[in-house]
Amino acid sequence: MNPLVINLVYLLLSLSVLLSFIRLAKGPSLPDRVVALELIATMVVAIIGVHAIDTGVASFLDIAIVLALTAFLAAIGFARFLERGGPRDD
């Protein structure tokens with residue numbers, strides 16, 4: 001594939017991860033931070049996928065699938081945590 005396109009995709013994905021980290025740091029509430037974490041995980045999966053296409057190593061796709069499933073389970077866990085009332089002030 002065209003190296004210019006691959007580098008542009010890497011640049012844009014890295015920029016989106018950086019902006020997501022800023023959102024994570026400035027998030028006023030816990031649900032906003034959970035959304036930022038989920039977005040970061042999605043962007044990392046995308047970066048791994050682009051790297052698999054760039055290098056031609058298909059085993060990177062297995063890593064991306066495992067990371068996507070782990071992020072999905074973490075999102076489910078966060079949702080259940082928030083559904084039960086979030087952190088307690090004991």
# chains A, B, ... in the order shown; residues from 1 in each chain; ligands from 1
call {"tool": "closest_atom_pairs", "arguments": {"of": "region 37-74 of chain A", "to": "region 6-16 of chain A", "cutoff": "8 Å", "atoms": "only C-alpha atoms", "output": "tab-separated table"}}
result
residue	atom	partner	partner_atom	distance
A:Met43	CA	A:Leu13	CA	6.4
A:Ala46	CA	A:Leu13	CA	7.7
A:Ile47	CA	A:Leu13	CA	6.8
A:Val50	CA	A:Ile6	CA	7.5
A:Asp54	CA	A:Ile6	CA	7.1
call {"tool": "write_last_selection", "arguments": {"atoms": "C-alpha atoms", "output": "JSON list (two decimals), in the first residue's frame"}}
result
[["chain", "number", "residue", "atom", "x", "y", "z"],
["A", 43, "MET", "CA", -8.13, 3.62, 18.38],
["A", 46, "ALA", "CA", -7.28, 0.44, 14.74],
["A", 47, "ILE", "CA", -3.56, 1.21, 15.02],
["A", 50, "VAL", "CA", -3.16, -0.68, 10.28],
["A", 54, "ASP", "CA", 1.49, -2.26, 6.79]]
call {"tool": "closest_residue", "arguments": {"among": "A:Gly85, A:Gly56, A:Ala79, A:Ile48", "to": "Val34 (chain A)", "atoms": "only C-alpha atoms"}}
result
A:Ala79
call {"tool": "atom_distance", "arguments": {"atom1": "CA of Ile63 (chain A)", "atom2": "CA of Val45 (chain A)"}}
result
8.4 Å
call {"tool": "select_by_dssp", "arguments": {"residues": "chain A", "states": "helix (DSSP H, G or I)", "output": "VMD selection string"}}
result
chain A and resid 3 to 26 30 to 55 59 to 83
call {"tool": "closest_residue", "arguments": {"among": "A:Phe72, A:Thr55, A:Leu19, A:Ser29", "to": "Ala41 (chain A)", "atoms": "only C-alpha atoms"}}
result
A:Phe72
call {"tool": "decode", "arguments": {"residues": "region 41-55 of chain A", "atoms": "all heavy atoms", "output": "compact mmCIF listing (two decimals), in the first residue's frame"}}
result
# COMPACT_ATOMS: atom_id res chain seq x y z
N ALA A 41 -9.27 2.61 23.51
CA ALA A 41 -9.11 1.19 23.17
C ALA A 41 -9.46 0.93 21.71
O ALA A 41 -8.76 0.16 21.02
CB ALA A 41 -10.00 0.35 24.08
N THR A 42 -10.48 1.60 21.21
CA THR A 42 -10.86 1.43 19.80
C THR A 42 -9.77 1.95 18.87
O THR A 42 -9.45 1.30 17.86
CB THR A 42 -12.18 2.17 19.54
OG1 THR A 42 -13.18 1.67 20.42
CG2 THR A 42 -12.64 1.98 18.11
N MET A 43 -9.19 3.07 19.21
CA MET A 43 -8.13 3.62 18.38
C MET A 43 -6.87 2.74 18.40
O MET A 43 -6.19 2.60 17.39
CB MET A 43 -7.77 5.04 18.81
CG MET A 43 -8.85 6.05 18.54
SD MET A 43 -9.22 6.19 16.80
CE MET A 43 -10.93 5.71 16.82
N VAL A 44 -6.57 2.15 19.55
CA VAL A 44 -5.40 1.26 19.63
C VAL A 44 -5.65 0.02 18.78
O VAL A 44 -4.74 -0.47 18.09
CB VAL A 44 -5.09 0.90 21.11
CG1 VAL A 44 -4.07 -0.21 21.19
CG2 VAL A 44 -4.60 2.13 21.84
N VAL A 45 -6.87 -0.50 18.79
CA VAL A 45 -7.21 -1.64 17.92
C VAL A 45 -7.03 -1.25 16.46
O VAL A 45 -6.50 -2.02 15.65
CB VAL A 45 -8.64 -2.15 18.21
CG1 VAL A 45 -9.11 -3.12 17.14
CG2 VAL A 45 -8.71 -2.80 19.58
N ALA A 46 -7.45 -0.04 16.12
CA ALA A 46 -7.28 0.44 14.74
C ALA A 46 -5.81 0.57 14.37
O ALA A 46 -5.40 0.21 13.25
CB ALA A 46 -8.00 1.77 14.56
N ILE A 47 -5.00 1.08 15.29
CA ILE A 47 -3.56 1.21 15.02
C ILE A 47 -2.93 -0.16 14.81
O ILE A 47 -2.10 -0.35 13.91
CB ILE A 47 -2.86 1.99 16.17
CG1 ILE A 47 -3.26 3.46 16.12
CG2 ILE A 47 -1.35 1.86 16.08
CD1 ILE A 47 -2.81 4.27 17.31
N ILE A 48 -3.32 -1.12 15.62
CA ILE A 48 -2.79 -2.49 15.44
C ILE A 48 -3.23 -3.05 14.10
O ILE A 48 -2.45 -3.72 13.40
CB ILE A 48 -3.22 -3.39 16.62
CG1 ILE A 48 -2.56 -2.92 17.91
CG2 ILE A 48 -2.88 -4.85 16.34
CD1 ILE A 48 -3.09 -3.62 19.15
N GLY A 49 -4.47 -2.80 13.70
CA GLY A 49 -4.95 -3.27 12.40
C GLY A 49 -4.19 -2.64 11.24
O GLY A 49 -3.83 -3.33 10.28
N VAL A 50 -3.93 -1.35 11.33
CA VAL A 50 -3.16 -0.68 10.28
C VAL A 50 -1.73 -1.22 10.25
O VAL A 50 -1.15 -1.41 9.17
CB VAL A 50 -3.19 0.85 10.49
CG1 VAL A 50 -2.21 1.55 9.57
CG2 VAL A 50 -4.58 1.38 10.28
N HIS A 51 -1.18 -1.48 11.43
CA HIS A 51 0.18 -2.03 11.47
C HIS A 51 0.21 -3.43 10.85
O HIS A 51 1.19 -3.78 10.17
CB HIS A 51 0.68 -2.08 12.91
CG HIS A 51 2.10 -2.49 13.05
ND1 HIS A 51 3.14 -1.69 12.60
CD2 HIS A 51 2.67 -3.61 13.56
CE1 HIS A 51 4.28 -2.32 12.83
NE2 HIS A 51 4.02 -3.48 13.42
N ALA A 52 -0.84 -4.21 11.06
CA ALA A 52 -0.91 -5.54 10.43
C ALA A 52 -0.96 -5.41 8.91
O ALA A 52 -0.33 -6.19 8.19
CB ALA A 52 -2.13 -6.30 10.94
N ILE A 53 -1.70 -4.44 8.42
CA ILE A 53 -1.76 -4.22 6.97
C ILE A 53 -0.42 -3.73 6.45
O ILE A 53 0.05 -4.17 5.40
CB ILE A 53 -2.88 -3.22 6.63
CG1 ILE A 53 -4.24 -3.83 6.92
CG2 ILE A 53 -2.79 -2.77 5.18
CD1 ILE A 53 -5.39 -2.84 6.85
N ASP A 54 0.22 -2.85 7.21
CA ASP A 54 1.49 -2.26 6.79
C ASP A 54 2.61 -3.30 6.72
O ASP A 54 3.38 -3.33 5.77
CB ASP A 54 1.87 -1.14 7.75
CG ASP A 54 3.10 -0.36 7.32
OD1 ASP A 54 3.40 -0.36 6.11
OD2 ASP A 54 3.74 0.25 8.19
N THR A 55 2.68 -4.17 7.73
CA THR A 55 3.77 -5.15 7.78
C THR A 55 3.43 -6.46 7.08
O THR A 55 4.34 -7.21 6.74
CB THR A 55 4.16 -5.44 9.23
OG1 THR A 55 3.03 -5.97 9.92
CG2 THR A 55 4.68 -4.20 9.93
